[in-house]
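For reference, upload13.pdb (PDB, C-alpha atoms and all ligand atoms):
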ATOM      1  CA  MET A   1     -53.578  53.067 109.737
ATOM      2  CA  THR A   2     -51.632  50.351 107.975
ATOM      3  CA  THR A   3     -52.848  48.877 104.727
ATOM      4  CA  PRO A   4     -51.532  45.908 102.685
ATOM      5  CA  HIS A   5     -49.974  48.374 100.257
ATOM      6  CA  ASN A   6     -48.663  50.751 102.938
ATOM      7  CA  ILE A   7     -48.987  53.665 100.519
ATOM      8  CA  THR A   8     -50.434  57.115 101.200
ATOM      9  CA  THR A   9     -48.691  59.295  98.619
ATOM     10  CA  VAL A  10     -48.804  58.540  94.903
ATOM     11  CA  SER A  11     -46.818  60.457  92.279
ATOM     12  CA  ILE A  12     -47.237  60.334  88.535
ATOM     13  CA  ILE A  13     -44.598  61.292  85.969
ATOM     14  CA  GLY A  14     -46.289  62.423  82.749
ATOM     15  CA  ALA A  15     -49.540  64.401  82.702
ATOM     16  CA  GLY A  16     -50.773  63.063  79.352
ATOM     17  CA  GLN A  17     -53.674  60.834  78.443
ATOM     18  CA  MET A  18     -52.623  57.976  80.724
ATOM     19  CA  GLY A  19     -50.814  59.861  83.511
ATOM     20  CA  GLY A  20     -53.722  62.288  83.917
ATOM     21  CA  GLY A  21     -56.169  59.380  84.157
ATOM     22  CA  ILE A  22     -54.046  57.489  86.698
ATOM     23  CA  ALA A  23     -53.714  60.646  88.833
ATOM     24  CA  GLN A  24     -57.467  61.200  88.755
ATOM     25  CA  VAL A  25     -58.205  57.631  89.829
ATOM     26  CA  ALA A  26     -55.598  57.782  92.635
ATOM     27  CA  ALA A  27     -56.963  61.074  93.984
ATOM     28  CA  VAL A  28     -60.583  59.886  93.828
ATOM     29  CA  ALA A  29     -59.500  56.786  95.788
ATOM     30  CA  GLY A  30     -58.150  59.017  98.580
ATOM     31  CA  PHE A  31     -54.411  59.140  97.890
ATOM     32  CA  ALA A  32     -52.409  62.360  98.147
ATOM     33  CA  THR A  33     -51.430  62.592  94.482
ATOM     34  CA  THR A  34     -48.736  64.634  92.735
ATOM     35  CA  VAL A  35     -48.547  64.949  88.946
ATOM     36  CA  TYR A  36     -45.299  66.055  87.326
ATOM     37  CA  ASP A  37     -44.690  66.887  83.664
ATOM     38  CA  ALA A  38     -41.705  68.658  82.122
ATOM     39  CA  PHE A  39     -43.392  70.076  79.041
ATOM     40  CA  PRO A  40     -44.900  73.575  79.088
ATOM     41  CA  GLY A  41     -48.687  73.511  79.027
ATOM     42  CA  ALA A  42     -49.041  69.791  79.870
ATOM     43  CA  ILE A  43     -49.757  70.419  83.566
ATOM     44  CA  GLU A  44     -52.343  73.154  82.870
ATOM     45  CA  LYS A  45     -54.078  70.915  80.333
ATOM     46  CA  CYS A  46     -54.155  68.018  82.805
ATOM     47  CA  LYS A  47     -55.564  70.170  85.628
ATOM     48  CA  ALA A  48     -58.226  71.673  83.338
ATOM     49  CA  LEU A  49     -59.268  68.169  82.267
ATOM     50  CA  HIS A  50     -59.479  66.975  85.886
ATOM     51  CA  ASP A  51     -61.635  70.005  86.797
ATOM     52  CA  LYS A  52     -63.919  69.336  83.824
ATOM     53  CA  LEU A  53     -64.271  65.596  84.511
ATOM     54  CA  LEU A  54     -64.927  66.118  88.237
ATOM     55  CA  ALA A  55     -67.549  68.804  87.471
ATOM     56  CA  ARG A  56     -69.207  66.436  85.012
ATOM     57  CA  ALA A  57     -69.255  63.630  87.623
ATOM     58  CA  VAL A  58     -71.029  65.995  90.050
ATOM     59  CA  GLU A  59     -73.527  67.079  87.357
ATOM     60  CA  LYS A  60     -74.342  63.452  86.592
ATOM     61  CA  GLY A  61     -74.831  62.663  90.279
ATOM     62  CA  LYS A  62     -71.892  60.226  90.332
ATOM     63  CA  MET A  63     -70.040  62.267  92.961
ATOM     64  CA  THR A  64     -71.004  64.884  95.532
ATOM     65  CA  GLN A  65     -69.584  68.414  95.275
ATOM     66  CA  ALA A  66     -67.850  67.810  98.617
ATOM     67  CA  ASP A  67     -66.123  64.673  97.263
ATOM     68  CA  ALA A  68     -65.086  66.501  94.090
ATOM     69  CA  ASP A  69     -63.626  69.338  96.174
ATOM     70  CA  ALA A  70     -61.828  66.849  98.444
ATOM     71  CA  THR A  71     -60.410  65.063  95.367
ATOM     72  CA  LYS A  72     -59.104  68.377  93.993
ATOM     73  CA  GLY A  73     -57.580  69.086  97.406
ATOM     74  CA  ARG A  74     -55.591  65.838  97.178
ATOM     75  CA  LEU A  75     -54.100  66.737  93.768
ATOM     76  CA  THR A  76     -50.827  68.662  93.412
ATOM     77  CA  TYR A  77     -49.428  69.649  90.017
ATOM     78  CA  SER A  78     -45.797  70.499  89.383
ATOM     79  CA  GLU A  79     -43.251  71.134  86.645
ATOM     80  CA  SER A  80     -40.447  70.228  89.047
ATOM     81  CA  LEU A  81     -39.352  66.628  89.537
ATOM     82  CA  HIS A  82     -38.406  67.558  93.088
ATOM     83  CA  ALA A  83     -42.135  67.738  93.959
ATOM     84  CA  LEU A  84     -42.062  63.918  93.968
ATOM     85  CA  LYS A  85     -39.853  63.832  97.061
ATOM     86  CA  GLY A  86     -41.178  61.497  99.763
ATOM     87  CA  SER A  87     -43.570  59.536  97.471
ATOM     88  CA  ASP A  88     -44.528  56.013  98.496
ATOM     89  CA  ILE A  89     -44.908  55.110  94.812
ATOM     90  CA  ILE A  90     -43.915  56.854  91.587
ATOM     91  CA  ILE A  91     -45.852  55.724  88.504
ATOM     92  CA  GLU A  92     -44.263  56.758  85.209
ATOM     93  CA  ALA A  93     -46.423  57.428  82.122
ATOM     94  CA  VAL A  94     -44.258  59.376  79.649
ATOM     95  CA  VAL A  95     -43.512  58.614  75.998
ATOM     96  CA  GLU A  96     -42.892  54.986  75.038
ATOM     97  CA  ASP A  97     -39.119  55.441  74.786
ATOM     98  CA  THR A  98     -36.694  53.289  76.775
ATOM     99  CA  ALA A  99     -33.955  55.928  77.061
ATOM    100  CA  VAL A 100     -36.346  58.681  78.224
ATOM    101  CA  LYS A 101     -37.960  56.389  80.803
ATOM    102  CA  LYS A 102     -34.621  55.083  82.148
ATOM    103  CA  GLU A 103     -33.233  58.594  82.558
ATOM    104  CA  LEU A 104     -36.336  59.673  84.488
ATOM    105  CA  PHE A 105     -36.309  56.611  86.742
ATOM    106  CA  ALA A 106     -32.634  57.153  87.589
ATOM    107  CA  LYS A 107     -33.464  60.736  88.629
ATOM    108  CA  ALA A 108     -36.707  59.887  90.434
ATOM    109  CA  ALA A 109     -35.503  56.848  92.428
ATOM    110  CA  PRO A 110     -33.584  58.860  95.073
ATOM    111  CA  LEU A 111     -36.730  60.938  95.723
ATOM    112  CA  LEU A 112     -38.785  57.952  96.929
ATOM    113  CA  ALA A 113     -39.771  57.540 100.572
ATOM    114  CA  LYS A 114     -38.021  54.651 102.339
ATOM    115  CA  GLY A 115     -39.250  51.351 100.881
ATOM    116  CA  GLY A 116     -41.097  53.151  98.061
ATOM    117  CA  ILE A 117     -42.050  51.525  94.764
ATOM    118  CA  LEU A 118     -41.239  52.568  91.179
ATOM    119  CA  ALA A 119     -43.782  51.558  88.534
ATOM    120  CA  SER A 120     -43.989  52.016  84.774
ATOM    121  CA  ASN A 121     -47.182  52.170  82.730
ATOM    122  CA  THR A 122     -45.301  51.032  79.618
ATOM    123  CA  SER A 123     -47.372  49.054  77.100
ATOM    124  CA  SER A 124     -44.461  47.070  75.729
ATOM    125  CA  ILE A 125     -40.992  47.896  77.068
ATOM    126  CA  SER A 126     -39.302  45.248  79.226
ATOM    127  CA  ILE A 127     -39.771  45.918  82.961
ATOM    128  CA  THR A 128     -36.539  44.021  83.671
ATOM    129  CA  ASP A 129     -34.683  46.352  81.301
ATOM    130  CA  LEU A 130     -36.241  49.553  82.747
ATOM    131  CA  GLY A 131     -35.456  48.289  86.265
ATOM    132  CA  THR A 132     -31.732  48.292  85.509
ATOM    133  CA  ALA A 133     -31.913  52.115  85.621
ATOM    134  CA  VAL A 134     -32.412  52.061  89.407
ATOM    135  CA  GLY A 135     -29.577  49.708  90.428
ATOM    136  CA  ASP A 136     -30.168  47.930  93.737
ATOM    137  CA  MET A 137     -33.766  49.206  93.877
ATOM    138  CA  ALA A 138     -34.760  46.868  91.000
ATOM    139  CA  ASP A 139     -36.603  44.602  93.497
ATOM    140  CA  ARG A 140     -39.005  47.537  94.027
ATOM    141  CA  PHE A 141     -39.507  48.129  90.298
ATOM    142  CA  ILE A 142     -42.702  46.849  88.627
ATOM    143  CA  GLY A 143     -45.053  47.346  85.665
ATOM    144  CA  MET A 144     -48.513  48.817  86.340
ATOM    145  CA  HIS A 145     -50.181  48.676  82.930
ATOM    146  CA  PHE A 146     -53.400  50.697  83.064
ATOM    147  CA  PHE A 147     -55.788  50.826  80.112
ATOM    148  CA  ASN A 148     -57.289  53.739  78.235
ATOM    149  CA  PRO A 149     -59.480  55.535  79.342
ATOM    150  CA  VAL A 150     -58.098  54.912  82.841
ATOM    151  CA  PRO A 151     -61.147  56.031  84.886
ATOM    152  CA  VAL A 152     -63.338  53.606  82.885
ATOM    153  CA  MET A 153     -61.176  50.539  82.235
ATOM    154  CA  LYS A 154     -61.002  48.118  85.170
ATOM    155  CA  LEU A 155     -57.842  46.166  84.344
ATOM    156  CA  VAL A 156     -54.329  46.792  85.613
ATOM    157  CA  GLU A 157     -51.877  44.266  84.166
ATOM    158  CA  VAL A 158     -49.239  43.943  86.904
ATOM    159  CA  ILE A 159     -45.895  43.030  85.325
ATOM    160  CA  LYS A 160     -43.218  41.356  87.393
ATOM    161  CA  GLY A 161     -39.666  41.957  86.161
ATOM    162  CA  LEU A 162     -36.959  39.383  86.768
ATOM    163  CA  SER A 163     -35.822  41.276  89.887
ATOM    164  CA  THR A 164     -39.256  42.384  91.195
ATOM    165  CA  SER A 165     -39.816  41.059  94.725
ATOM    166  CA  GLU A 166     -42.931  39.208  95.876
ATOM    167  CA  GLU A 167     -43.527  41.989  98.408
ATOM    168  CA  THR A 168     -43.480  44.671  95.694
ATOM    169  CA  THR A 169     -45.928  42.629  93.616
ATOM    170  CA  ALA A 170     -48.282  42.081  96.567
ATOM    171  CA  ARG A 171     -48.219  45.777  97.533
ATOM    172  CA  THR A 172     -48.831  46.868  93.926
ATOM    173  CA  ILE A 173     -51.775  44.489  93.596
ATOM    174  CA  ALA A 174     -53.231  45.849  96.853
ATOM    175  CA  LEU A 175     -52.733  49.429  95.622
ATOM    176  CA  ALA A 176     -54.485  48.737  92.306
ATOM    177  CA  GLU A 177     -57.408  47.243  94.241
ATOM    178  CA  ALA A 178     -57.529  50.291  96.512
ATOM    179  CA  MET A 179     -57.740  52.397  93.323
ATOM    180  CA  GLY A 180     -60.876  50.473  92.371
ATOM    181  CA  LYS A 181     -59.136  48.404  89.690
ATOM    182  CA  VAL A 182     -58.823  44.689  89.022
ATOM    183  CA  PRO A 183     -55.115  43.783  89.003
ATOM    184  CA  VAL A 184     -54.022  40.676  87.102
ATOM    185  CA  PRO A 185     -50.383  39.536  87.257
ATOM    186  CA  ALA A 186     -48.281  38.663  84.215
ATOM    187  CA  ASN A 187     -44.608  38.016  83.617
ATOM    188  CA  ASP A 188     -42.214  40.276  81.743
ATOM    189  CA  ARG A 189     -42.318  39.022  78.145
ATOM    190  CA  PRO A 190     -42.668  41.182  75.003
ATOM    191  CA  GLY A 191     -46.179  42.658  74.868
ATOM    192  CA  PHE A 192     -47.004  41.062  78.243
ATOM    193  CA  VAL A 193     -50.409  39.328  77.801
ATOM    194  CA  SER A 194     -52.681  42.107  76.536
ATOM    195  CA  ASN A 195     -50.619  43.248  73.563
ATOM    196  CA  ARG A 196     -49.178  39.795  72.824
ATOM    197  CA  VAL A 197     -52.716  38.624  72.087
ATOM    198  CA  LEU A 198     -54.419  41.829  70.912
ATOM    199  CA  MET A 199     -51.834  43.224  68.479
ATOM    200  CA  PRO A 200     -51.535  40.138  66.236
ATOM    201  CA  LEU A 201     -55.360  40.168  66.028
ATOM    202  CA  ILE A 202     -55.334  43.809  64.938
ATOM    203  CA  ASN A 203     -52.468  43.122  62.523
ATOM    204  CA  GLU A 204     -54.415  40.236  60.981
ATOM    205  CA  ALA A 205     -57.387  42.532  60.444
ATOM    206  CA  PHE A 206     -55.100  44.798  58.363
ATOM    207  CA  TYR A 207     -53.972  41.763  56.325
ATOM    208  CA  ALA A 208     -57.631  40.819  55.764
ATOM    209  CA  TRP A 209     -58.292  44.352  54.500
ATOM    210  CA  MET A 210     -55.101  44.432  52.367
ATOM    211  CA  GLU A 211     -55.939  41.092  50.774
ATOM    212  CA  GLY A 212     -59.483  42.238  49.986
ATOM    213  CA  VAL A 213     -61.207  39.733  52.248
ATOM    214  CA  ALA A 214     -63.688  42.488  53.221
ATOM    215  CA  GLU A 215     -63.999  46.263  53.519
ATOM    216  CA  PRO A 216     -62.751  47.757  56.861
ATOM    217  CA  ALA A 217     -66.266  48.514  58.133
ATOM    218  CA  HIS A 218     -67.335  44.939  57.317
ATOM    219  CA  ILE A 219     -64.287  43.415  59.042
ATOM    220  CA  ASP A 220     -65.185  45.375  62.183
ATOM    221  CA  GLU A 221     -68.884  44.511  61.947
ATOM    222  CA  ILE A 222     -68.098  40.799  61.618
ATOM    223  CA  MET A 223     -65.826  40.846  64.668
ATOM    224  CA  LYS A 224     -68.357  42.831  66.726
ATOM    225  CA  LEU A 225     -71.435  40.782  65.885
ATOM    226  CA  GLY A 226     -69.792  37.387  65.415
ATOM    227  CA  CYS A 227     -67.121  37.425  68.100
ATOM    228  CA  ALA A 228     -68.764  39.776  70.611
ATOM    229  CA  HIS A 229     -65.961  42.343  70.461
ATOM    230  CA  PRO A 230     -67.247  45.691  71.786
ATOM    231  CA  MET A 231     -65.214  47.515  69.137
ATOM    232  CA  GLY A 232     -63.924  46.199  65.792
ATOM    233  CA  PRO A 233     -60.145  45.626  65.532
ATOM    234  CA  LEU A 234     -59.633  48.375  62.931
ATOM    235  CA  ARG A 235     -61.614  50.943  64.929
ATOM    236  CA  LEU A 236     -59.613  49.913  67.994
ATOM    237  CA  ALA A 237     -56.350  50.350  66.058
ATOM    238  CA  ASP A 238     -57.353  53.941  65.218
ATOM    239  CA  PHE A 239     -58.162  54.564  68.892
ATOM    240  CA  ILE A 240     -54.803  53.181  70.069
ATOM    241  CA  GLY A 241     -52.878  54.981  67.300
ATOM    242  CA  LEU A 242     -51.562  53.193  64.195
ATOM    243  CA  ASP A 243     -47.980  54.312  64.950
ATOM    244  CA  THR A 244     -48.288  52.721  68.405
ATOM    245  CA  CYS A 245     -49.572  49.515  66.802
ATOM    246  CA  VAL A 246     -46.517  49.374  64.498
ATOM    247  CA  HIS A 247     -44.229  50.076  67.453
ATOM    248  CA  ILE A 248     -45.735  47.246  69.507
ATOM    249  CA  MET A 249     -45.543  44.801  66.558
ATOM    250  CA  ASP A 250     -41.836  45.709  66.235
ATOM    251  CA  VAL A 251     -41.357  44.959  69.955
ATOM    252  CA  LEU A 252     -43.069  41.564  69.520
ATOM    253  CA  ALA A 253     -41.133  40.661  66.340
ATOM    254  CA  ASP A 254     -37.770  41.685  67.795
ATOM    255  CA  GLY A 255     -38.379  40.453  71.351
ATOM    256  CA  LEU A 256     -39.834  37.086  70.336
ATOM    257  CA  ASN A 257     -37.416  36.813  67.425
ATOM    258  CA  ASN A 258     -40.177  35.810  65.038
ATOM    259  CA  ASP A 259     -41.136  37.525  61.775
ATOM    260  CA  ARG A 260     -44.731  36.398  62.065
ATOM    261  CA  TYR A 261     -45.191  39.425  64.341
ATOM    262  CA  ARG A 262     -44.002  41.934  61.693
ATOM    263  CA  ALA A 263     -46.469  44.793  61.105
ATOM    264  CA  CYS A 264     -48.699  44.409  58.026
ATOM    265  CA  PRO A 265     -47.386  46.522  55.078
ATOM    266  CA  LEU A 266     -50.724  48.339  54.787
ATOM    267  CA  LEU A 267     -50.629  49.317  58.474
ATOM    268  CA  LYS A 268     -47.106  50.692  58.004
ATOM    269  CA  GLN A 269     -48.150  52.530  54.828
ATOM    270  CA  LEU A 270     -50.955  54.373  56.630
ATOM    271  CA  VAL A 271     -48.471  55.510  59.286
ATOM    272  CA  VAL A 272     -46.060  56.771  56.606
ATOM    273  CA  ALA A 273     -48.962  58.744  55.109
ATOM    274  CA  GLY A 274     -49.608  60.387  58.495
ATOM    275  CA  ARG A 275     -52.902  58.542  58.988
ATOM    276  CA  LEU A 276     -52.361  57.696  62.668
ATOM    277  CA  GLY A 277     -55.979  57.237  63.761
ATOM    278  CA  ASP A 278     -58.132  59.389  66.048
ATOM    279  CA  LYS A 279     -55.217  61.614  67.082
ATOM    280  CA  SER A 280     -54.496  62.751  63.498
ATOM    281  CA  GLY A 281     -58.159  62.880  62.430
ATOM    282  CA  ARG A 282     -57.803  59.950  60.029
ATOM    283  CA  GLY A 283     -56.517  56.396  60.200
ATOM    284  CA  VAL A 284     -58.429  53.431  58.836
ATOM    285  CA  PHE A 285     -61.542  55.594  59.191
ATOM    286  CA  ASP A 286     -62.030  59.344  58.707
ATOM    287  CA  TYR A 287     -62.812  61.410  61.837
ATOM    288  CA  SER A 288     -62.151  64.844  60.341
ATOM    289  CA  LYS A 289     -65.839  65.730  59.897
ATOM    290  CA  LYS A 290     -66.883  64.809  63.445
TER
HETATM  291  N1  LIG B 301     -52.524  55.664  75.190
HETATM  292  C1  LIG B 301     -52.820  54.400  75.514
HETATM  293  O1  LIG B 301     -53.824  53.827  75.071
HETATM  294  C2  LIG B 301     -51.917  53.659  76.479
HETATM  295  C3  LIG B 301     -52.409  52.542  77.164
HETATM  296  C4  LIG B 301     -51.585  51.896  78.085
HETATM  297  C5  LIG B 301     -50.287  52.336  78.296
HETATM  298  N2  LIG B 301     -49.824  53.432  77.592
HETATM  299  C6  LIG B 301     -48.453  53.879  77.863
HETATM  300  O2  LIG B 301     -48.529  55.017  78.723
HETATM  301  C7  LIG B 301     -47.421  55.882  78.456
HETATM  302  C8  LIG B 301     -47.936  57.291  78.188
HETATM  303  O3  LIG B 301     -48.822  57.256  77.100
HETATM  304  P1  LIG B 301     -49.876  58.438  76.835
HETATM  305  O4  LIG B 301     -50.808  57.918  75.803
HETATM  306  O5  LIG B 301     -50.394  58.971  78.118
HETATM  307  O6  LIG B 301     -48.917  59.551  76.174
HETATM  308  P2  LIG B 301     -49.141  61.140  76.109
HETATM  309  O7  LIG B 301     -48.324  61.596  74.968
HETATM  310  O8  LIG B 301     -50.593  61.485  76.166
HETATM  311  O9  LIG B 301     -48.488  61.668  77.472
HETATM  312  C9  LIG B 301     -47.117  61.618  77.750
HETATM  313  C10 LIG B 301     -46.780  62.781  78.673
HETATM  314  O10 LIG B 301     -45.421  62.629  79.112
HETATM  315  C11 LIG B 301     -44.820  63.901  79.117
HETATM  316  N3  LIG B 301     -43.375  63.704  78.978
HETATM  317  C12 LIG B 301     -42.698  63.243  77.896
HETATM  318  N4  LIG B 301     -41.382  63.185  78.169
HETATM  319  C13 LIG B 301     -41.226  63.619  79.452
HETATM  320  C14 LIG B 301     -40.102  63.801  80.306
HETATM  321  N5  LIG B 301     -38.864  63.509  79.882
HETATM  322  N6  LIG B 301     -40.311  64.275  81.554
HETATM  323  C15 LIG B 301     -41.565  64.562  81.997
HETATM  324  N7  LIG B 301     -42.673  64.409  81.228
HETATM  325  C16 LIG B 301     -42.506  63.947  79.975
HETATM  326  C17 LIG B 301     -45.436  64.649  77.954
HETATM  327  O11 LIG B 301     -45.334  66.040  78.139
HETATM  328  C18 LIG B 301     -46.878  64.146  77.995
HETATM  329  O12 LIG B 301     -47.690  65.008  78.781
HETATM  330  C19 LIG B 301     -46.619  55.241  77.333
HETATM  331  O13 LIG B 301     -45.590  54.469  77.876
HETATM  332  C20 LIG B 301     -47.660  54.347  76.658
HETATM  333  O14 LIG B 301     -47.090  53.255  75.986
HETATM  334  C21 LIG B 301     -50.614  54.111  76.717
END
Structure re-expressed in C-alpha cells:
Amino acid sequence: MTTPHNITTVSIIGAGQMGGGIAQVAAVAGFATTVYDAFPGAIEKCKALHDKLLARAVEKGKMTQADADATKGRLTYSESLHALKGSDIIIEAVVEDTAVKKELFAKAAPLLAKGGILASNTSSISITDLGTAVGDMADRFIGMHFFNPVPVMKLVEVIKGLSTSEETTARTIALAEAMGKVPVPANDRPGFVSNRVLMPLINEAFYAWMEGVAEPAHIDEIMKLGCAHPMGPLRLADFIGLDTCVHIMDVLADGLNNDRYRACPLLKQLVVAGRLGDKSGRGVFDYSKK
C-alpha cells in the first residue's frame, strides 16, 4: 500500500515527556514505532507510562483490549541508537540544546531508510541550523513541533527550514494527519508562530505582576474569563517550565535582534530561586501540597 507520506516505520529519539507522547500517538495510529533514549531508566519509565495510559484508555472504553495489545506490539524500546536502522522517519525530542541535537542527527542520519525524513520537535531552535548537521540530506530535514500533552493536543506546527524540500513538507503533513493531528505549516523564524506569539504574552503577564497591576491569580482569572483563554498565562508558564520560558525569550531576543523580547526580571528571578513551575513543585503558584 502506498500512502502520501510513504512511511511505515517511525523512530523517536528521546523517551521523555514529548518523545514518549509522540511514540504513543504513532503506535496507536498503526506505525511500527521505535523509541530510543540514552539515559538509564528513561526507557523503562516511558514503557511503564505507555502501559499505564493504554490500560486507562481500555478502562475508560476509549480503546479495546485488542487494540491496546496491538499498539504495544508495534512499540519497540531501545537504549541503542542502532535500533533506528531502516526508519522511514526519525523524530528527535531530546533536550533543547543545539549541540546535543546536531550530534545526534549526524549519527542518526546514516541509519535512515532510503528517502527517509529527519524531524526535530524543537520548540525554538532554528531548523535550518539543525539541518546543517546532516549535510546533503538537509532537504529531508524538517520541524515537527508537537504540543504537550501530545496525545491530547491536536496541533503539529510543521516548520520548513531554508533547505527543506516541498516533498518533505508534503510527506510530513500527510504523516501528521495520519497520526490524527492537524498540521499547520510555518517558516523557520525564531519561535516559529506559536512561541513568537505566546511567549511575549506570558512575559507581559509577569511584567503586569511585577508592576503590581494585579495579583497572579487575578491576572490569570482576567485572561481566562475576559479573553477566553483555557488557562491563565501564569499558570501556563508554570506548566511549560519557567526556565523554558526564559530560554525561549532569549531565542526571540537574540534571533530577532530586539530587546523587547528580553525575559521579565521577575521571571528570571523565580528561575534563579529554583521556582521552575510544576516540575519543581513551585513556580508562580505552589504545587507542593497537591
Ligand atoms: N515540554 C513541552 O511542553 C514541549 C513542547 C513542545 C516541544 N518541546 C521540545 O521537545 C524536546 C523534548 O522536551 P521534553 O519536555 O520531552 O524533555 P524531557 O526532558 O522530558 O525528555 C528528554 C529526553 O531526552 C533524553 N536525552 C537527552 N539527551 C539525549 C541524548 N544525547 N541521546 C538520547 N536521549 C537523550 C533524556 O533522557 C530524556 O528522556 C525539546 O526540544 C523541547 O523544547 C517540549
Problem - Neighbour list for Lys62 in chain A as number ranges by chain, cut-off 12 Å, only C-alpha atoms, skip fewer than 6 positions in-chain - result: A: 28, 53-56, 68
Exercise for the section: Check which residues fall inside 6 Å of ligand LIG 301 (chain B) when counting all atoms listed in the file, and print them as a PyMOL selection string. Expected result: chain A and resi 13-19+37-39+42+93-96+100+121-123+145-148+240
Exercise for the section: Quote the spacing between CA of Ile117 in chain A and CA of Thr168 in chain A in Å to one decimal place. Expected result: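 The value is 7.1 Å.
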Exercise for the section: Tell me which of A:Pro40, A:Pro149, A:Gly135, A:Gly115 sits closest to Glu167 in chain A, counting all atoms listed in the file. Expected result: A:Gly115
Exercise for the section: Report as a PyMOL selection string the residues that result from applying the PyMOL selection byres (((chain A and resi 254-270) around 12) and not hetatm) to the structure here. Expected result: chain A and resi 124-126+188-192+195-212+234+237-238+241-253+271-277+280+282-285
Exercise for the section: Quick one: everything within 10 Å of Glu177 in chain A, counting only C-alpha atoms, minus sequence neighbours fewer than 5 positions away in the same chain. Send it as a ChimeraX atom specification. Expected result: /A:5,29,154-156,171-172,182-183
Completion exercise
Using all atoms listed in the file, the residue out of A:Ala57, A:Glu79, A:Ile7, A:Lys72 with shortest distance to Glu44 in chain A is A:Glu79
Practice task
Quick one: apply the PyMOL selection byres (((chain A and resi 8) around 10) and not hetatm) to the file and drop the selected residues here as an MDAnalysis selection string.
Solution key: chainID A and resid 1:3 5:7 9:10 30:33 87:89 175
Practice task
Report as a PyMOL selection string the residues that result from applying the PyMOL selection byres (((chain A and resi 128) around 8) and not hetatm) to the structure here.
Solution key: chain A and resi 126-127+129-132+161-163+188
Practice task
Measuring atom to atom with only C-alpha atoms, identify which of A:Val184, A:Ala23, A:Cys227, A:Val152 is nearest to His50 in chain A.
Solution key: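 Between A:Val184, A:Ala23, A:Cys227, A:Val152, the residue approaching His50 in chain A most closely is A:Ala23.
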Handout entry: Computed interatomic separation between CA of Met63 in chain A and CA of Gly41 in chain A (Å)
Key =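 Pair CA of Met63 in chain A / CA of Gly41 in chain A returns 27.9 Å.
Atom pair CA of Val134 in chain A / CA of Lys107 in chain A has a distance of 8.8 Å (rounded to one decimal).
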Handout entry: Nearest-residue call for Gly232 in chain A, choices A:Glu166, A:Glu92, A:Asp278, A:Asp220, using all atoms listed in the file
Key =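 The shortest atom-to-atom distance to Gly232 in chain A comes from A:Asp220.
Using only C-alpha atoms for every distance, the candidate list A:Pro151, A:Gly20, A:Gly180, A:Gly143 yields A:Gly143 as the residue closest to Thr164 in chain A.
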Practice task
Counting all atoms listed in the file, select every polymer residue within 8 Å of (-38.1, 60.3, 96.3) as defined in the file's coordinates, and provide the selection as a ChimeraX atom specification.
Solution key: /A:82,84-87,108-113,116
Keeping only C-alpha atoms, take the residues you just selected and write them out as a PDB file, keeping the file's coordinate frame.
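Just written: result-v2.pdb:
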ATOM      1  CA  HIS A  82     -38.406  67.558  93.088  1.00  0.00           C
ATOM      2  CA  LEU A  84     -42.062  63.918  93.968  1.00  0.00           C
ATOM      3  CA  LYS A  85     -39.853  63.832  97.061  1.00  0.00           C
ATOM      4  CA  GLY A  86     -41.178  61.497  99.763  1.00  0.00           C
ATOM      5  CA  SER A  87     -43.570  59.536  97.471  1.00  0.00           C
ATOM      6  CA  ALA A 108     -36.707  59.887  90.434  1.00  0.00           C
ATOM      7  CA  ALA A 109     -35.503  56.848  92.428  1.00  0.00           C
ATOM      8  CA  PRO A 110     -33.584  58.860  95.073  1.00  0.00           C
ATOM      9  CA  LEU A 111     -36.730  60.938  95.723  1.00  0.00           C
ATOM     10  CA  LEU A 112     -38.785  57.952  96.929  1.00  0.00           C
ATOM     11  CA  ALA A 113     -39.771  57.540 100.572  1.00  0.00           C
ATOM     12  CA  GLY A 116     -41.097  53.151  98.061  1.00  0.00           C
TER      13      GLY A 116
END
